[in-house]
>>> print(open('protein33.cif').read())   # mmCIF, C-alpha atoms
data_coords
loop_
_atom_site.label_atom_id
_atom_site.label_comp_id
_atom_site.auth_asym_id
_atom_site.auth_seq_id
_atom_site.Cartn_x
_atom_site.Cartn_y
_atom_site.Cartn_z
CA MET A 159 88.10 141.03 40.66
CA SER A 160 89.11 138.29 38.28
CA LYS A 161 92.46 136.57 38.30
CA VAL A 162 95.52 137.73 36.36
CA ALA A 163 97.75 135.08 34.79
CA VAL A 164 101.33 136.14 34.17
CA LEU A 165 102.88 133.90 31.56
CA MET A 166 106.65 133.45 31.61
CA ARG A 167 107.66 132.22 28.17
CA LYS A 168 111.32 133.14 27.68
CA ALA A 169 114.70 132.07 29.04
CA PRO A 170 115.67 134.20 32.05
CA TYR A 171 118.79 136.11 30.92
CA GLY A 172 118.93 136.45 27.13
CA SER A 173 116.28 139.13 27.19
CA VAL A 174 114.55 141.29 29.77
CA TYR A 175 111.14 139.62 29.65
CA THR A 176 111.38 137.31 32.66
CA ALA A 177 112.87 140.02 34.87
CA GLU A 178 110.17 142.48 33.83
CA GLY A 179 107.47 139.84 34.23
CA PHE A 180 108.75 139.30 37.75
CA ARG A 181 108.61 143.05 38.42
CA ALA A 182 105.09 143.20 37.04
CA VAL A 183 104.02 140.36 39.34
CA MET A 184 105.46 142.16 42.37
CA GLY A 185 103.88 145.41 41.20
CA ILE A 186 100.39 144.07 40.75
CA GLY A 187 100.65 141.51 43.58
CA ILE A 188 100.97 144.29 46.16
CA PHE A 189 97.74 145.80 44.87
CA GLU A 190 96.04 142.70 46.25
CA MET A 191 95.14 141.37 42.87
CA ASP A 192 94.76 137.65 42.44
CA VAL A 193 97.80 136.56 40.41
CA ALA A 194 98.77 133.16 38.99
CA LEU A 195 102.22 132.61 37.53
CA ALA A 196 102.61 130.10 34.73
CA PHE A 197 105.96 129.02 33.30
CA VAL A 198 105.92 127.67 29.77
CA ASP A 199 108.43 127.00 26.97
CA ASP A 200 111.90 128.36 27.87
CA GLY A 201 110.23 130.21 30.74
CA VAL A 202 110.64 127.05 32.87
CA TYR A 203 114.39 127.78 33.07
CA ALA A 204 113.55 130.76 35.30
CA LEU A 205 112.77 128.35 38.16
CA VAL A 206 115.84 126.12 37.84
CA LYS A 207 117.99 125.80 40.98
CA ASP A 208 121.51 127.18 41.36
CA GLN A 209 121.38 129.87 38.73
CA ASP A 210 124.66 131.78 38.61
CA PRO A 211 124.40 134.63 36.12
CA GLU A 212 127.11 136.71 37.84
CA LYS A 213 129.46 136.37 34.89
CA LEU A 214 126.75 137.94 32.75
CA ASP A 215 126.53 140.87 35.18
CA MET A 216 122.96 139.83 35.85
CA GLN A 217 121.18 139.25 39.13
CA PRO A 218 119.88 135.74 39.75
CA LEU A 219 116.15 135.50 39.11
CA GLY A 220 115.37 132.05 40.41
CA GLU A 221 115.68 132.99 44.07
CA GLY A 222 113.13 135.77 43.70
CA PHE A 223 110.16 133.55 42.89
CA PRO A 224 109.99 131.65 46.21
CA MET A 225 109.75 135.07 47.91
CA LEU A 226 106.61 136.06 46.03
CA PRO A 227 104.15 134.50 48.51
CA GLU A 228 105.21 137.30 50.88
CA PHE A 229 103.72 139.67 48.33
CA GLY A 230 100.46 137.77 48.15
CA VAL A 231 101.36 135.73 45.07
CA ASP A 232 101.18 132.02 45.78
CA GLU A 233 99.91 130.25 42.68
CA PHE A 234 102.73 128.78 40.64
CA TYR A 235 102.15 126.58 37.63
CA VAL A 236 104.63 124.87 35.33
CA HIS A 237 103.75 123.41 31.95
CA GLN A 238 105.00 119.85 32.35
CA PRO A 239 105.60 119.15 28.62
CA SER A 240 107.85 122.24 28.47
CA LEU A 241 109.77 120.99 31.52
CA GLU A 242 110.18 117.49 30.15
CA ALA A 243 111.17 118.70 26.67
CA ARG A 244 114.15 120.40 28.33
CA GLY A 245 115.22 117.32 30.30
CA LEU A 246 114.08 118.86 33.59
CA SER A 247 111.88 117.65 36.43
CA VAL A 248 110.33 119.22 39.53
CA ASP A 249 113.46 118.17 41.47
CA ASP A 250 115.43 120.75 39.45
CA LEU A 251 113.19 123.63 40.51
CA VAL A 252 113.64 126.17 43.32
CA MET A 253 110.13 125.71 44.69
CA ASP A 254 107.02 123.58 44.77
CA VAL A 255 104.78 124.15 41.78
CA GLN A 256 101.63 122.71 40.31
CA LEU A 257 102.24 120.86 37.07
CA LEU A 258 99.88 121.39 34.15
CA ASP A 259 99.44 119.51 30.91
CA ASP A 260 98.23 121.25 27.74
CA ALA A 261 94.58 120.99 28.73
CA GLY A 262 95.32 122.18 32.28
CA LEU A 263 97.19 125.20 30.98
CA ALA A 264 94.38 126.04 28.58
CA LYS A 265 91.87 125.75 31.43
CA LEU A 266 93.94 128.03 33.70
CA LEU A 267 94.25 130.69 31.01
CA ALA A 268 90.54 130.45 30.24
CA GLU A 269 89.73 130.98 33.94
CA CYS A 270 91.83 134.12 34.18
CA GLY A 271 90.20 137.39 33.13
CA THR A 272 93.58 138.82 32.17
CA VAL A 273 96.60 137.10 30.68
CA MET A 274 99.89 138.97 30.55
CA PRO A 275 102.43 137.19 28.37
CA PHE A 276 106.09 138.00 28.93
CA MET B 861 83.75 147.58 26.60
CA LYS B 862 86.75 148.95 28.51
CA ILE B 863 90.02 147.75 27.05
CA GLY B 864 93.45 148.04 28.65
CA ILE B 865 96.61 147.87 26.56
CA MET B 866 100.21 147.00 27.34
CA VAL B 867 103.07 147.42 24.84
CA LEU B 868 106.29 145.51 25.44
CA GLU B 869 108.49 146.39 22.45
CA GLY B 870 110.27 149.48 21.22
CA PRO B 871 109.13 151.54 18.23
CA TYR B 872 110.49 150.72 14.73
CA GLN B 873 112.29 147.60 16.01
CA HIS B 874 109.03 145.68 16.27
CA GLN B 875 105.46 146.00 15.09
CA ALA B 876 103.95 145.90 18.60
CA ALA B 877 103.60 149.67 19.07
CA ASP B 878 102.10 150.12 15.58
CA SER B 879 99.66 147.28 16.15
CA ALA B 880 98.64 148.69 19.52
CA TYR B 881 98.04 152.10 17.91
CA HIS B 882 95.86 150.68 15.12
CA PHE B 883 94.01 148.44 17.58
CA VAL B 884 93.22 151.41 19.81
CA LYS B 885 92.04 153.53 16.85
CA ALA B 886 89.78 150.71 15.68
CA ALA B 887 88.43 150.04 19.18
CA LEU B 888 87.62 153.74 19.69
CA ALA B 889 85.95 153.88 16.26
CA ARG B 890 83.74 150.96 17.34
CA GLY B 891 82.69 152.85 20.47
CA HIS B 892 84.85 151.01 22.97
CA GLU B 893 86.61 152.79 25.80
CA ILE B 894 90.36 152.53 26.37
CA ALA B 895 91.15 152.09 30.07
CA GLY B 896 94.75 153.04 29.33
CA ILE B 897 97.93 152.17 27.48
CA PHE B 898 100.92 151.05 29.53
CA LEU B 899 104.29 151.39 27.81
CA PHE B 900 106.56 148.82 29.44
CA THR B 901 110.25 147.95 28.82
CA ASP B 902 111.53 149.29 25.46
CA ALA B 903 108.05 150.60 24.63
CA VAL B 904 108.83 153.64 26.82
CA ASN B 905 110.85 154.88 23.84
CA VAL B 906 107.53 155.55 22.10
CA SER B 907 107.24 158.62 24.33
CA ASN B 908 110.48 160.26 23.08
CA ARG B 909 109.52 163.69 21.72
CA PHE B 910 112.70 163.83 19.61
CA ILE B 911 111.72 160.89 17.42
CA LYS B 912 112.06 162.16 13.86
CA PRO B 913 111.97 159.31 11.37
CA PRO B 914 113.01 160.45 7.88
CA GLY B 915 110.09 159.90 5.55
CA GLU B 916 108.19 157.49 7.80
CA ARG B 917 105.33 157.44 10.29
CA ASN B 918 106.11 159.18 13.56
CA ILE B 919 105.11 156.72 16.28
CA ALA B 920 105.69 159.25 19.08
CA HIS B 921 103.29 161.68 17.39
CA MET B 922 100.79 158.89 16.77
CA PHE B 923 100.63 158.05 20.49
CA ASP B 924 100.73 161.72 21.47
CA GLU B 925 97.66 162.22 19.31
CA LEU B 926 95.87 159.33 21.07
CA GLY B 927 96.74 160.97 24.39
CA GLN B 928 95.37 164.26 23.09
CA GLN B 929 92.09 162.48 22.36
CA GLY B 930 91.88 161.57 26.04
CA VAL B 931 93.49 158.12 26.12
CA ASP B 932 95.52 157.71 29.32
CA ILE B 933 99.03 156.69 28.23
CA VAL B 934 101.59 155.79 30.86
CA ALA B 935 105.29 155.05 30.34
CA CYS B 936 106.92 152.98 33.09
CA THR B 937 109.11 155.29 35.18
CA ALA B 938 111.70 152.66 36.09
CA CYS B 939 111.99 151.51 32.46
CA ALA B 940 112.50 155.13 31.40
CA LYS B 941 115.28 155.50 33.97
CA PHE B 942 116.98 152.37 32.66
CA ARG B 943 116.95 153.97 29.22
CA GLY B 944 118.30 157.35 30.29
CA MET B 945 115.05 159.17 29.65
CA LYS B 946 114.05 162.30 31.51
CA ARG B 947 110.66 163.77 32.13
CA ASP B 948 111.21 166.62 29.64
CA LEU B 949 111.99 164.07 26.93
CA ASN B 950 108.39 162.92 26.90
CA VAL B 951 105.75 164.00 24.41
CA ASP B 952 103.05 166.08 26.11
CA ASN B 953 100.33 163.47 26.34
CA ILE B 954 102.22 160.53 27.80
CA ARG B 955 102.86 160.53 31.52
CA LEU B 956 105.45 158.62 33.54
CA SER B 957 104.24 156.38 36.34
CA GLY B 958 104.89 153.06 38.04
CA LEU B 959 103.44 149.59 38.05
CA GLY B 960 100.62 150.82 40.25
CA ALA B 961 99.24 152.52 37.16
CA LEU B 962 99.41 149.17 35.35
CA ALA B 963 97.54 147.47 38.21
CA GLU B 964 94.86 150.19 38.06
CA MET B 965 94.45 149.78 34.30
CA ILE B 966 94.02 146.02 34.66
CA GLN B 967 91.43 146.54 37.39
CA LYS B 968 89.51 149.04 35.25
CA SER B 969 89.56 146.88 32.10
CA ASP B 970 87.03 144.36 30.89
CA ARG B 971 89.71 143.05 28.53
CA PHE B 972 93.46 143.53 28.69
CA VAL B 973 95.52 143.13 25.53
CA THR B 974 99.31 142.83 25.37
CA PHE B 975 101.29 143.72 22.26
CA GLY B 976 104.73 142.12 22.37
CA ASP B 977 107.03 139.54 20.91
#
>>> encode(input="protein33.cif", output="structure tokens")
Amino acid sequence: MSKVAVLMRKAPYGSVYTAEGFRAVMGIGIFEMDVALAFVDDGVYALVKDQDPEKLDMQPLGEGFPMLPEFGVDEFYVHQPSLEARGLSVDDLVMDVQLLDDAGLAKLLAECGTVMPF
Amino acid sequence: MKIGIMVLEGPYQHQAADSAYHFVKAALARGHEIAGIFLFTDAVNVSNRFIKPPGERNIAHMFDELGQQGVDIVACTACAKFRGMKRDLNVDNIRLSGLGALAEMIQKSDRFVTFGD
């Protein structure tokens, strides 16, 4: 079974995509599929520490990602140019990730049989 | 080739559902097999049997017709609940199921295509 890449592209609370992407990862992760998560563009904000969306009546998303290895999902990639363009570094993130440049991201996506963009 | 489809946007608001429909028609016409269509997030609204657009294409009927032709179409149960939909609101040939159905479709597909924003 080939690998599934789930691509997080959007900021975590303005729309439902990141939350649903997270649900999809949990959903397919428990079916023992090989899943890689890649955060690009505004999607990198999903991993930023100390998210407090309570005033938006939303549940914090950032804390969910470090729990995913319990569901068999343990490949986390962040597009470094997206991170840097937003003034962020790995120190701002809730978990250890592998950084990718443009070529690295392209290679990852090419390796995955399925890409699900959220 | 077996092709799986996911739609991530609601009907009429966005072109995704229309594009998915035309893609599936074209793929079937070329002799490909559709492993399934998963209606996720607002796309579950495609399954609303009461859709009645004055003077325009009826997207619910379009997908119902694909289902009638044997394409497995699944609307995400949780997403439907979030949108106040009930089982009897669904057109006949779209079924409600969970993310397990999505996982199955991905596993069955040679290619998986997402239509979204």
>>> residues_near_point(input="protein33.cif", point="(102.6, 156.3, 26.6)", cutoff="8 Å", atoms="all atoms listed in the file", output="list of chain:residue names")
B:Ile897, B:Phe898, B:Leu899, B:Val904, B:Val906, B:Ser907, B:Phe923, B:Asp924, B:Gly927, B:Asp932, B:Ile933, B:Val934, B:Ala935, B:Asn953, B:Ile954, B:Arg955, B:Leu956
>>> write_last_selection(input="protein33.cif", atoms="C-alpha atoms", output="compact mmCIF listing (two decimals), keeping the file's coordinate frame")
# COMPACT_ATOMS: atom_id res chain seq x y z
CA ILE B 897 97.93 152.17 27.48
CA PHE B 898 100.92 151.05 29.53
CA LEU B 899 104.29 151.39 27.81
CA VAL B 904 108.83 153.64 26.82
CA VAL B 906 107.53 155.55 22.10
CA SER B 907 107.24 158.62 24.33
CA PHE B 923 100.63 158.05 20.49
CA ASP B 924 100.73 161.72 21.47
CA GLY B 927 96.74 160.97 24.39
CA ASP B 932 95.52 157.71 29.32
CA ILE B 933 99.03 156.69 28.23
CA VAL B 934 101.59 155.79 30.86
CA ALA B 935 105.29 155.05 30.34
CA ASN B 953 100.33 163.47 26.34
CA ILE B 954 102.22 160.53 27.80
CA ARG B 955 102.86 160.53 31.52
CA LEU B 956 105.45 158.62 33.54
>>> closest_residue(input="protein33.cif", among="B:Arg890, B:Val951, B:Lys946, B:Ala938", to="chain A", atoms="all atoms listed in the file")
B:Ala938
>>> interface_residues(input="protein33.cif", of="chain A", to="chain B", cutoff="10 Å", atoms="only C-alpha atoms", output="list in words")
Met159, Ser160, Val162, Val174, Tyr175, Glu178, Arg181, Ala182, Val183, Met184, Gly185, Ile186, Gly187, Ile188, Phe189, Glu190, Met191, Gly271, Thr272, Val273, Met274, Pro275 and Phe276 of chain A
>>> atom_distance(input="protein33.cif", atom1="CA of Phe223 (chain A)", atom2="CA of Phe180 (chain A)")
7.8 Å
>>> residues_around(input="protein33.cif", residues="Asn950 (chain B)", least_positions_apart="2", cutoff="6 Å", atoms="only C-alpha atoms", output="MDAnalysis selection string")
chainID B and resid 907:909 947:948
>>> residues_around(input="protein33.cif", residues="Gln217 (chain A)", least_positions_apart="5", cutoff="12 Å", atoms="all atoms listed in the file", output="MDAnalysis selection string")
chainID A and resid 170:171 174 176:177 209:212 222
>>> atom_distance(input="protein33.cif", atom1="CA of Phe942 (chain B)", atom2="CA of Met216 (chain A)")
14.3 Å
>>> decode(input="protein33.cif", residues="region 865-904 of chain B", atoms="N, CA and C atoms", output="CSV table (one decimal), in the first residue's frame")
chain,number,residue,atom,x,y,z
B,865,ILE,N,-12.4,9.6,-5.7
B,865,ILE,CA,-12.7,11.1,-5.8
B,865,ILE,C,-13.1,11.6,-4.4
B,866,MET,N,-12.6,12.7,-4.0
B,866,MET,CA,-13.1,13.4,-2.8
B,866,MET,C,-13.5,14.8,-3.2
B,867,VAL,N,-14.7,15.3,-2.7
B,867,VAL,CA,-15.1,16.6,-2.9
B,867,VAL,C,-15.2,17.4,-1.6
B,868,LEU,N,-14.6,18.6,-1.6
B,868,LEU,CA,-14.5,19.3,-0.3
B,868,LEU,C,-15.3,20.6,-0.3
B,869,GLU,N,-16.1,20.9,-1.3
B,869,GLU,CA,-16.8,22.2,-1.3
B,869,GLU,C,-18.3,21.9,-1.5
B,870,GLY,N,-19.1,22.9,-1.1
B,870,GLY,CA,-20.6,22.7,-1.2
B,870,GLY,C,-21.0,23.1,-2.7
B,871,PRO,N,-22.2,22.6,-3.0
B,871,PRO,CA,-22.7,22.8,-4.4
B,871,PRO,C,-23.1,24.3,-4.6
B,872,TYR,N,-22.9,24.8,-5.8
B,872,TYR,CA,-23.3,26.2,-6.2
B,872,TYR,C,-22.4,27.3,-5.6
B,873,GLN,N,-21.8,27.0,-4.4
B,873,GLN,CA,-20.9,28.0,-3.9
B,873,GLN,C,-19.6,27.9,-4.6
B,874,HIS,N,-19.2,26.8,-5.1
B,874,HIS,CA,-17.9,26.5,-5.6
B,874,HIS,C,-18.0,25.5,-6.8
B,875,GLN,N,-17.1,25.5,-7.6
B,875,GLN,CA,-17.2,24.6,-8.8
B,875,GLN,C,-16.8,23.2,-8.6
B,876,ALA,N,-16.2,22.9,-7.4
B,876,ALA,CA,-15.6,21.6,-7.1
B,876,ALA,C,-16.6,20.4,-7.4
B,877,ALA,N,-17.8,20.5,-6.9
B,877,ALA,CA,-18.8,19.4,-7.2
B,877,ALA,C,-19.1,19.2,-8.7
B,878,ASP,N,-19.3,20.4,-9.4
B,878,ASP,CA,-19.5,20.3,-10.8
B,878,ASP,C,-18.3,19.6,-11.5
B,879,SER,N,-17.1,20.1,-11.1
B,879,SER,CA,-15.9,19.5,-11.8
B,879,SER,C,-15.8,18.1,-11.5
B,880,ALA,N,-16.0,17.7,-10.3
B,880,ALA,CA,-16.0,16.2,-9.9
B,880,ALA,C,-16.9,15.4,-10.8
B,881,TYR,N,-18.2,16.0,-10.9
B,881,TYR,CA,-19.2,15.3,-11.7
B,881,TYR,C,-18.7,15.1,-13.2
B,882,HIS,N,-18.2,16.2,-13.8
B,882,HIS,CA,-17.8,16.1,-15.2
B,882,HIS,C,-16.5,15.2,-15.3
B,883,PHE,N,-15.7,15.2,-14.3
B,883,PHE,CA,-14.5,14.4,-14.4
B,883,PHE,C,-14.9,12.9,-14.3
B,884,VAL,N,-15.8,12.6,-13.4
B,884,VAL,CA,-16.3,11.2,-13.3
B,884,VAL,C,-17.0,10.7,-14.6
B,885,LYS,N,-17.8,11.6,-15.2
B,885,LYS,CA,-18.5,11.2,-16.4
B,885,LYS,C,-17.4,10.9,-17.5
B,886,ALA,N,-16.4,11.8,-17.6
B,886,ALA,CA,-15.4,11.6,-18.6
B,886,ALA,C,-14.6,10.4,-18.4
B,887,ALA,N,-14.3,10.1,-17.1
B,887,ALA,CA,-13.5,9.0,-16.8
B,887,ALA,C,-14.2,7.7,-17.1
B,888,LEU,N,-15.5,7.7,-16.8
B,888,LEU,CA,-16.3,6.5,-17.1
B,888,LEU,C,-16.4,6.3,-18.6
B,889,ALA,N,-16.6,7.4,-19.3
B,889,ALA,CA,-16.7,7.3,-20.8
B,889,ALA,C,-15.4,6.7,-21.4
B,890,ARG,N,-14.3,7.0,-20.7
B,890,ARG,CA,-13.0,6.5,-21.2
B,890,ARG,C,-12.7,5.0,-20.8
B,891,GLY,N,-13.7,4.5,-20.0
B,891,GLY,CA,-13.5,3.1,-19.6
B,891,GLY,C,-12.9,2.9,-18.3
B,892,HIS,N,-12.6,4.0,-17.5
B,892,HIS,CA,-12.1,3.9,-16.2
B,892,HIS,C,-13.1,3.5,-15.2
B,893,GLU,N,-12.7,3.0,-14.1
B,893,GLU,CA,-13.6,2.6,-13.0
B,893,GLU,C,-13.5,3.6,-11.9
B,894,ILE,N,-14.7,4.0,-11.3
B,894,ILE,CA,-14.6,4.9,-10.2
B,894,ILE,C,-14.7,4.1,-8.8
B,895,ALA,N,-13.7,4.2,-8.0
B,895,ALA,CA,-13.6,3.4,-6.8
B,895,ALA,C,-14.6,4.0,-5.8
B,896,GLY,N,-15.0,5.3,-6.0
B,896,GLY,CA,-16.0,5.9,-5.1
B,896,GLY,C,-15.8,7.4,-5.1
B,897,ILE,N,-16.9,8.1,-4.6
B,897,ILE,CA,-16.9,9.5,-4.5
B,897,ILE,C,-17.1,9.8,-3.0
B,898,PHE,N,-16.2,10.5,-2.3
B,898,PHE,CA,-16.5,10.8,-0.9
B,898,PHE,C,-16.8,12.3,-0.8
B,899,LEU,N,-18.0,12.6,-0.3
B,899,LEU,CA,-18.4,14.0,-0.1
B,899,LEU,C,-18.1,14.4,1.3
B,900,PHE,N,-17.1,15.3,1.4
B,900,PHE,CA,-16.6,15.7,2.7
B,900,PHE,C,-16.9,17.1,3.0
B,901,THR,N,-17.0,17.5,4.2
B,901,THR,CA,-17.3,18.9,4.7
B,901,THR,C,-18.6,19.4,3.9
B,902,ASP,N,-18.6,20.6,3.4
B,902,ASP,CA,-19.8,21.2,2.8
B,902,ASP,C,-20.3,20.4,1.6
B,903,ALA,N,-19.5,19.5,1.1
B,903,ALA,CA,-19.9,18.7,-0.1
B,903,ALA,C,-21.0,17.8,0.2
B,904,VAL,N,-21.2,17.5,1.6
B,904,VAL,CA,-22.4,16.6,1.9
B,904,VAL,C,-23.7,17.2,1.4
